[in-house]
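Visitor: The structure under discussion is supplied below as structure tokens; questions concerning it will follow.
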Amino acid sequence: PQPTGARIVTVPALSLAGVTHDYGKVRAVSDLSLSVAPGEVVCLLGPSGCGKSTILRLAAGLEEVQAGTVAIDGDVVGAPGRHVPPESRHVGLVFQDFALFPHLTICNNVGFGIRSTDQDARRSRIMAALGDVGLAHAEQSFPHMLSGGEQQRVALARALAPKPKLLLLDEPFSGLDTRLREQVRDVTLEALRKSGTATLMVTHDAEEAMFMADRIAMMREGR
Ligand code: ADP
Ligand code: MG
């Protein structure tokens, strides 16, 4: 039983506090604080060059934190003098340009980040992730055999298959034409809802942000 007066405190899936980031003399991010609750989809909306990708790179561990802290599930993974490498952060990443491995089948692309060595468990994870994006039939294909929209759905399945604590999406639909963009957007939102994965998505498209987000964070000039 909870002691009288106890409150249930939810630990954010992602929390950035007082983060400032410079590239040489260019200040990309300025004293920024932002959090994503478990299961929440937050969109970071702002014009090109305002620092959105830098935020994702800091969260993923692709940049070292210069000032402030980055925490995932309550653990500080980035702070001055502390840098947990990307592969130890349990974060899924999807970029604009799909970035599938061209020499691997769709099945092996999706299986890439799954650590389990039990072959049956592995295979059922892969097929479930592919099923969630409607591409179970494509498991033996190679990336070049699929359309851009299908490749992006595979990239999403690959990011979700290891069951990450946090998903980071950087303008994931901007490489697609209008018709495909809406279709992939729908599939993506459904897969995020089904998996309940906390997500930080970057976009410069306000309509897209309103469609996808539980909450929108507006960004301008690093703030
Ligand atoms: P966004 O994703 O919103 O377009 P970025 O985070 O990519 O913004 O960039 C923010 C600012 O930092 C921009 O002024 C950009 O030119 C600069 N910048 C980004 N990456 C680098 C880098 N590797 N070296 C120098 N400047 C960079
Ligand atoms: Mg960017």
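Chain identifiers are assigned as A, B, and so on, following the order in which chains appear in the structure tokens; residues are numbered from 1 within each chain, and ligands are numbered from 1 in order of appearance.
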Counting only C-alpha atoms and all ligand atoms, give me one row per residue of chain A with an atom at most 12 Å from an atom of ligand 1, showing the shortest contact pair and its distance in Å to one decimal, sorted by chain then residue number, as a tab-separated table.

Guide:
```
residue	atom	partner	partner_atom_place_in_ligand_line	distance
A:Thr20	CA	ligand 1	12 (O)	11.6
A:His21	CA	ligand 1	12 (O)	8.7
A:Asp22	CA	ligand 1	12 (O)	7.5
A:Tyr23	CA	ligand 1	25 (C)	4.7
A:Gly24	CA	ligand 1	25 (C)	6.8
A:Lys25	CA	ligand 1	25 (C)	8.5
A:Val26	CA	ligand 1	26 (N)	6.2
A:Arg27	CA	ligand 1	12 (O)	6.7
A:Ala28	CA	ligand 1	11 (C)	4.2
A:Val29	CA	ligand 1	10 (C)	7.2
A:Ser30	CA	ligand 1	10 (C)	10.6
A:Leu44	CA	ligand 1	3 (O)	9.1
A:Leu45	CA	ligand 1	3 (O)	8.5
A:Gly46	CA	ligand 1	3 (O)	6.5
A:Pro47	CA	ligand 1	3 (O)	6.1
A:Ser48	CA	ligand 1	4 (O)	3.7
A:Gly49	CA	ligand 1	4 (O)	3.4
A:Cys50	CA	ligand 1	3 (O)	4.0
A:Gly51	CA	ligand 1	6 (O)	3.2
A:Lys52	CA	ligand 1	3 (O)	3.8
A:Ser53	CA	ligand 1	2 (O)	3.6
A:Thr54	CA	ligand 1	6 (O)	3.7
A:Ile55	CA	ligand 1	6 (O)	6.6
A:Leu56	CA	ligand 1	6 (O)	8.2
A:Arg57	CA	ligand 1	6 (O)	8.2
A:Leu58	CA	ligand 1	6 (O)	9.8
A:Leu62	CA	ligand 1	23 (N)	10.8
A:Glu63	CA	ligand 1	23 (N)	9.4
A:Phe95	CA	ligand 1	2 (O)	11.2
A:Gln96	CA	ligand 1	2 (O)	11.2
A:Leu169	CA	ligand 1	2 (O)	11.3
A:Asp170	CA	ligand 1	2 (O)	8.0
A:Glu171	CA	ligand 1	2 (O)	8.7
A:Met201	CA	ligand 1	2 (O)	11.1
A:Val202	CA	ligand 1	2 (O)	7.7
A:Thr203	CA	ligand 1	3 (O)	8.4
A:His204	CA	ligand 1	3 (O)	7.9
A:Asp205	CA	ligand 1	3 (O)	11.7
A:Met218	CA	ligand 1	3 (O)	11.0
A:Met219	CA	ligand 1	3 (O)	8.2
A:Arg220	CA	ligand 1	3 (O)	8.4
A:Glu221	CA	ligand 1	10 (C)	8.0
A:Gly222	CA	ligand 1	10 (C)	7.2
A:Arg223	CA	ligand 1	3 (O)	10.7
```

Visitor: So which residues touch A:Val76 within 12 Å, counting only C-alpha atoms, skipping near sequence neighbours fewer than 6 positions away, as a ChimeraX atom specification?

Guide: /A:12-17,59,61,65,68-70,82-85,89

Visitor: Export, as a PDB file, in the first residue's frame, the selected residues with N, CA and C atoms.

Guide:
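Writing done, so here's selection10.pdb:
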```pdb
ATOM      1  N   PRO A  12       9.770  10.379 -17.309  1.00  0.00           N
ATOM      2  CA  PRO A  12       9.683  10.593 -18.754  1.00  0.00           C
ATOM      3  C   PRO A  12      10.507   9.561 -19.530  1.00  0.00           C
ATOM      4  N   ALA A  13      10.012   9.202 -20.714  1.00  0.00           N
ATOM      5  CA  ALA A  13      10.793   8.317 -21.588  1.00  0.00           C
ATOM      6  C   ALA A  13      12.048   9.052 -22.055  1.00  0.00           C
ATOM      7  N   LEU A  14      11.883  10.354 -22.331  1.00  0.00           N
ATOM      8  CA  LEU A  14      13.020  11.195 -22.707  1.00  0.00           C
ATOM      9  C   LEU A  14      12.906  12.522 -21.986  1.00  0.00           C
ATOM     10  N   SER A  15      14.007  12.994 -21.469  1.00  0.00           N
ATOM     11  CA  SER A  15      14.009  14.300 -20.846  1.00  0.00           C
ATOM     12  C   SER A  15      15.312  15.034 -21.181  1.00  0.00           C
ATOM     13  N   LEU A  16      15.162  16.218 -21.757  1.00  0.00           N
ATOM     14  CA  LEU A  16      16.316  17.089 -21.974  1.00  0.00           C
ATOM     15  C   LEU A  16      16.162  18.270 -21.047  1.00  0.00           C
ATOM     16  N   ALA A  17      17.224  18.638 -20.359  1.00  0.00           N
ATOM     17  CA  ALA A  17      17.144  19.751 -19.414  1.00  0.00           C
ATOM     18  C   ALA A  17      18.312  20.700 -19.624  1.00  0.00           C
ATOM     19  N   ALA A  59      19.795  13.200 -28.382  1.00  0.00           N
ATOM     20  CA  ALA A  59      19.013  12.159 -27.707  1.00  0.00           C
ATOM     21  C   ALA A  59      19.530  10.771 -28.077  1.00  0.00           C
ATOM     22  N   GLY A  61      22.569  10.054 -28.988  1.00  0.00           N
ATOM     23  CA  GLY A  61      23.964   9.841 -28.613  1.00  0.00           C
ATOM     24  C   GLY A  61      24.921   9.977 -29.787  1.00  0.00           C
ATOM     25  N   VAL A  65      26.944  15.629 -25.305  1.00  0.00           N
ATOM     26  CA  VAL A  65      26.293  16.765 -24.660  1.00  0.00           C
ATOM     27  C   VAL A  65      27.354  17.732 -24.121  1.00  0.00           C
ATOM     28  N   GLY A  68      24.019  20.824 -20.037  1.00  0.00           N
ATOM     29  CA  GLY A  68      22.693  20.294 -19.748  1.00  0.00           C
ATOM     30  C   GLY A  68      22.735  18.782 -19.623  1.00  0.00           C
ATOM     31  N   THR A  69      21.550  18.160 -19.536  1.00  0.00           N
ATOM     32  CA  THR A  69      21.503  16.702 -19.409  1.00  0.00           C
ATOM     33  C   THR A  69      20.453  16.099 -20.336  1.00  0.00           C
ATOM     34  N   VAL A  70      20.718  14.877 -20.752  1.00  0.00           N
ATOM     35  CA  VAL A  70      19.768  14.075 -21.522  1.00  0.00           C
ATOM     36  C   VAL A  70      19.539  12.792 -20.727  1.00  0.00           C
ATOM     37  N   ARG A  82      29.759  12.680 -19.443  1.00  0.00           N
ATOM     38  CA  ARG A  82      29.075  11.382 -19.424  1.00  0.00           C
ATOM     39  C   ARG A  82      28.416  11.145 -20.772  1.00  0.00           C
ATOM     40  N   HIS A  83      28.812  10.069 -21.443  1.00  0.00           N
ATOM     41  CA  HIS A  83      28.262   9.792 -22.768  1.00  0.00           C
ATOM     42  C   HIS A  83      28.016   8.296 -22.945  1.00  0.00           C
ATOM     43  N   VAL A  84      26.750   7.899 -22.822  1.00  0.00           N
ATOM     44  CA  VAL A  84      26.398   6.498 -23.084  1.00  0.00           C
ATOM     45  C   VAL A  84      26.301   6.362 -24.609  1.00  0.00           C
ATOM     46  N   PRO A  85      27.011   5.391 -25.218  1.00  0.00           N
ATOM     47  CA  PRO A  85      27.030   5.297 -26.682  1.00  0.00           C
ATOM     48  C   PRO A  85      25.647   4.927 -27.254  1.00  0.00           C
ATOM     49  N   ARG A  89      21.672   2.765 -25.779  1.00  0.00           N
ATOM     50  CA  ARG A  89      20.572   3.620 -25.314  1.00  0.00           C
ATOM     51  C   ARG A  89      19.184   3.045 -25.563  1.00  0.00           C
TER      52      ARG A  89
END
```

Visitor: So which one's closest to A:Phe101, A:Thr188, A:Gln151, A:Ser35, A:Gln183? Using only C-alpha atoms, please.

Guide: A:Gln151

Visitor: Using only C-alpha atoms and all ligand atoms, which residue out of A:Leu180, A:Arg185, A:His103, A:Ser174 lies closest to ligand 2?

Guide: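 Under the stated criterion, the closest residue is A:Ser174.
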
Visitor: Among stretch 29-151 of chain A, which residues carry a DSSP assignment of strand (DSSP E or B), reported as an MDAnalysis selection string?

Guide: chainID A and resid 29:36 41:45 67:72 75:79 82:83 91:94

Visitor: Got a sec: who's within 8 Å of A:Ala157, counting only C-alpha atoms, leaving out chain neighbours fewer than 6 positions off, as a PDB file with N, CA and C atoms, in the first residue's frame?

Guide:
```
ATOM      1  N   VAL A 110      15.214  -6.021 -40.940  1.00  0.00           N
ATOM      2  CA  VAL A 110      14.382  -5.820 -39.745  1.00  0.00           C
ATOM      3  C   VAL A 110      14.994  -6.528 -38.532  1.00  0.00           C
ATOM      4  N   ALA A 129       6.812  -7.379 -36.559  1.00  0.00           N
ATOM      5  CA  ALA A 129       7.136  -5.987 -36.919  1.00  0.00           C
ATOM      6  C   ALA A 129       6.780  -5.711 -38.378  1.00  0.00           C
ATOM      7  N   LEU A 130       7.079  -6.670 -39.257  1.00  0.00           N
ATOM      8  CA  LEU A 130       6.727  -6.496 -40.667  1.00  0.00           C
ATOM      9  C   LEU A 130       5.206  -6.499 -40.854  1.00  0.00           C
ATOM     10  N   ASP A 132       3.013  -5.428 -38.749  1.00  0.00           N
ATOM     11  CA  ASP A 132       2.481  -4.143 -38.264  1.00  0.00           C
ATOM     12  C   ASP A 132       2.572  -3.026 -39.303  1.00  0.00           C
ATOM     13  N   VAL A 133       3.496  -3.166 -40.245  1.00  0.00           N
ATOM     14  CA  VAL A 133       3.577  -2.151 -41.307  1.00  0.00           C
ATOM     15  C   VAL A 133       3.054  -2.706 -42.641  1.00  0.00           C
TER      16      VAL A 133
END
```

Visitor: Pick the closest to A:Glu87 from A:Gln119, A:Gly148, A:Val19, A:Gly113: which is it, counting only C-alpha atoms?

Guide: A:Gly113

Visitor: Report the distance between atom CA of A:Leu166 and atom CA of A:Ala198 in Å, rounded to one decimal place.

Guide: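 Taking atom CA of A:Leu166 and atom CA of A:Ala198, their separation equals 5.1 Å.
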
Visitor: Per DSSP on the backbone, filter chain A down to the residues in alpha helix (DSSP H) and report them as a PyMOL selection string.

Guide: chain A and resi 52-60+106-111+119-132+148-160+178-195+206-212

Visitor: May I ask which of the residues A:Leu168, A:Ala213, A:Leu156, A:Val77 is the closest one to A:Ala99, counting only C-alpha atoms?

Guide: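 Ranked by minimum distance to A:Ala99, first place goes to A:Leu156.
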
Visitor: Check the smallest atom-to-atom distance from each of A:Glu190, A:Asp177, A:Glu182, A:Asp97 to ligand 2 using only C-alpha atoms and all ligand atoms, then report the winner.

Guide: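 Distance minimum relative to ligand 2 lands on A:Asp97.
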